[in-house]
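Comments concern the structure below.
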Amino acid sequence: MLEAFDPDARELAKSFVCSVDLSDAALARLQSGQNVRGYLDRLVADGLALDALVIIARSLPAQLAAAWGCECLRRSLEGSGPAVEAERAGVTLAEQCLKEPTDENRQLCMEFAEGARRQSASAWLATAVAWADGPLTPKSAPVKVYAPARAVGEAVVAALRLAAIRGGEDATACLTSFATRALALFGPRIPRSS
């Protein structure tokens, strides 16, 4: 379990979210003495899942944020057709890069994202994965430049927002499902009954 997702954590949400861009509605729900998990639970319960996703993506290590985004997008893909198949291909490519973070795989992710003009959810996930696992600069560049830490999370959130909008169902419900999945994955383990 990650500290930010622990209901008993001592780290206060206020100190964590001061560096995160949230809506006014989300900021109005921030209470003194509230930890990050309590704040996330409140945001999800109050229908502010997008703000919860921003916090979740920022609190996860880059590779974990990208992997969570891939899982969410893969679970949300239904049906068939060229657009859905392109999304599946992009997710598969991003997952491959997560498993084998080579310069070649990162370059393939960037080429996929650029080819899609970053107008699809999987293009943003491919971007997030490429940024998470290495420099932005070409392999031959004498100075390596890395994406800022927050960029990977922002790319994952962009992907999930596009997936929710594209889903055809209630976008808020889709965003909520992404947030609750993260809380289940990275929060406390609930013992299974025998």
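Labels used: A, B, ... for chains in the order of the structure tokens, numbers from 1 for residues in each chain, and numbers from 1 for ligands as shown.
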
Based on DSSP run over this structure's backbone, return all residues of chain A in helix (DSSP H, G or I), as a PyMOL selection string.
chain A and resi 3-5+13-17+24-28+36-45+49-59+62-76+82-99+103-115+121-132+149-166+171-186

Distance query Ala123 in chain A at most 7 Å, only C-alpha atoms, self and fewer than 4 positions along chain excluded, as a PDB file with C-alpha atoms, in the first residue's frame:
ATOM      1  CA  GLY A  90      -1.579   2.153 -28.392  1.00  0.00           C
ATOM      2  CA  PHE A 112       2.743   6.566 -32.051  1.00  0.00           C
ATOM      3  CA  ALA A 113       1.698   9.586 -29.978  1.00  0.00           C
ATOM      4  CA  ALA A 116      -2.009  10.317 -33.494  1.00  0.00           C
ATOM      5  CA  ARG A 118      -1.996  13.241 -29.172  1.00  0.00           C
ATOM      6  CA  GLN A 119      -5.714  13.272 -29.912  1.00  0.00           C
ATOM      7  CA  THR A 127       3.521   9.762 -24.152  1.00  0.00           C
TER       8      THR A 127
END

Shell of 9 Å around Asp8 in chain A, only C-alpha atoms, local chain residues under 4 positions omitted, as a ChimeraX atom specification:
/A:3,35,37-38

Restricting the output to C-alpha atoms, write the selected residues as a PDB file, in the first residue's frame.
ATOM      1  CA  GLU A   3       1.241   6.097   1.941  1.00  0.00           C
ATOM      2  CA  ASN A  35      -5.212  13.050   5.162  1.00  0.00           C
ATOM      3  CA  ARG A  37      -6.961   9.248   1.429  1.00  0.00           C
ATOM      4  CA  GLY A  38      -9.789  10.916   3.329  1.00  0.00           C
TER       5      GLY A  38
END

Excluding Ala45 in chain A and its own-chain neighbours fewer than 6 positions away, which residues fall within 12 Å of it when counting only C-alpha atoms? Please give them as JSON, numbers by chain.
{"A": [26, 29, 38, 39, 51, 52, 172, 173, 176, 177, 179, 180]}

Selected residues written out with C-alpha atoms, as a CSV table (one decimal), in the first residue's frame:
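Okay, this is what ended up in again_34.csv:
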chain,number,residue,atom,x,y,z
A,26,ALA,CA,-12.3,20.4,-4.8
A,29,ARG,CA,-13.8,20.4,0.4
A,38,GLY,CA,-9.8,10.9,3.3
A,39,TYR,CA,-9.7,13.8,0.9
A,51,ASP,CA,-9.8,16.2,-9.2
A,52,ALA,CA,-9.2,12.9,-7.4
A,172,THR,CA,-18.3,11.3,-14.5
A,173,ALA,CA,-19.1,7.7,-13.8
A,176,THR,CA,-15.2,7.7,-10.9
A,177,SER,CA,-14.5,4.1,-11.9
A,179,ALA,CA,-10.4,6.7,-9.3
A,180,THR,CA,-12.0,3.8,-7.3

Name all residues at most 10 Å from Thr102 in chain A (count only C-alpha atoms; drop same-chain ones fewer than 5 positions away) and give them as a ChimeraX atom specification.
/A:96-97,107-108,130,133-134

Restricting to only C-alpha atoms, whichever of A:Ala164, A:Val36, A:Ala86, A:Ala28 is closest to Phe5 in chain A is A:Val36

Spatial neighbours of Leu125 in chain A, 8 Å, only C-alpha atoms, chain gap at least 5 places, as an MDAnalysis selection string
chainID A and resid 66 69:70 90:91 94 155:156 159

Please produce a file of the residues just selected, as a PDB file, in the first residue's frame, where the atoms kept are N, CA and C atoms.
ATOM      1  N   ALA A  66       1.589   5.360 -15.016  1.00  0.00           N
ATOM      2  CA  ALA A  66       1.397   4.956 -16.413  1.00  0.00           C
ATOM      3  C   ALA A  66       0.764   3.575 -16.500  1.00  0.00           C
ATOM      4  N   GLY A  69      -2.883   3.859 -15.657  1.00  0.00           N
ATOM      5  CA  GLY A  69      -3.579   4.443 -16.793  1.00  0.00           C
ATOM      6  C   GLY A  69      -3.826   3.428 -17.897  1.00  0.00           C
ATOM      7  N   CYS A  70      -2.829   2.601 -18.175  1.00  0.00           N
ATOM      8  CA  CYS A  70      -2.992   1.550 -19.192  1.00  0.00           C
ATOM      9  C   CYS A  70      -4.100   0.584 -18.794  1.00  0.00           C
ATOM     10  N   GLY A  90      -2.349   1.197 -29.178  1.00  0.00           N
ATOM     11  CA  GLY A  90      -1.579   2.153 -28.392  1.00  0.00           C
ATOM     12  C   GLY A  90      -1.350   1.685 -26.965  1.00  0.00           C
ATOM     13  N   VAL A  91      -2.374   1.107 -26.357  1.00  0.00           N
ATOM     14  CA  VAL A  91      -2.230   0.579 -24.994  1.00  0.00           C
ATOM     15  C   VAL A  91      -1.230  -0.577 -24.986  1.00  0.00           C
ATOM     16  N   ALA A  94       2.218   0.857 -25.191  1.00  0.00           N
ATOM     17  CA  ALA A  94       2.610   1.466 -23.914  1.00  0.00           C
ATOM     18  C   ALA A  94       2.947   0.394 -22.877  1.00  0.00           C
ATOM     19  N   ALA A 155      -0.104  13.639 -18.211  1.00  0.00           N
ATOM     20  CA  ALA A 155      -0.382  12.901 -19.441  1.00  0.00           C
ATOM     21  C   ALA A 155      -1.349  11.746 -19.171  1.00  0.00           C
ATOM     22  N   VAL A 156      -1.186  11.075 -18.034  1.00  0.00           N
ATOM     23  CA  VAL A 156      -2.107   9.990 -17.673  1.00  0.00           C
ATOM     24  C   VAL A 156      -3.513  10.547 -17.465  1.00  0.00           C
ATOM     25  N   ALA A 159      -5.122  11.274 -20.731  1.00  0.00           N
ATOM     26  CA  ALA A 159      -5.577  10.027 -21.362  1.00  0.00           C
ATOM     27  C   ALA A 159      -6.901   9.559 -20.770  1.00  0.00           C
TER      28      ALA A 159
END

Between A:Met1, A:Cys18, A:Ala49, A:Val129, which has the minimum distance to Ala184 in chain A (counting only C-alpha atoms)?
A:Met1

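Reported to one decimal place, the separation of CA of Met110 in chain A from CA of Trp124 in chain A is 9.5 Å.
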
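Taking only C-alpha atoms into account, Arg75 in chain A lies nearest to A:Leu160 out of the set A:Leu160, A:Leu48, A:Ala147, A:Val152.
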
Find the residue from A:Ala4, A:Ala13, A:Ala158, A:Leu98 that sits nearest to Ala62 in chain A; use only C-alpha atoms when measuring.
A:Leu98

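Each of A:Glu71, A:Asp21, A:Glu114, A:Glu85 was checked against Leu50 in chain A using only C-alpha atoms; the smallest atom-to-atom distance is that of A:Asp21.
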
Pick out the residues sitting within 10 Å of Gly167 in chain A, and hand them over as a PyMOL selection string; count only C-alpha atoms, and ignore anything fewer than 6 positions along from it in its own chain.
chain A and resi 76-78+161+174
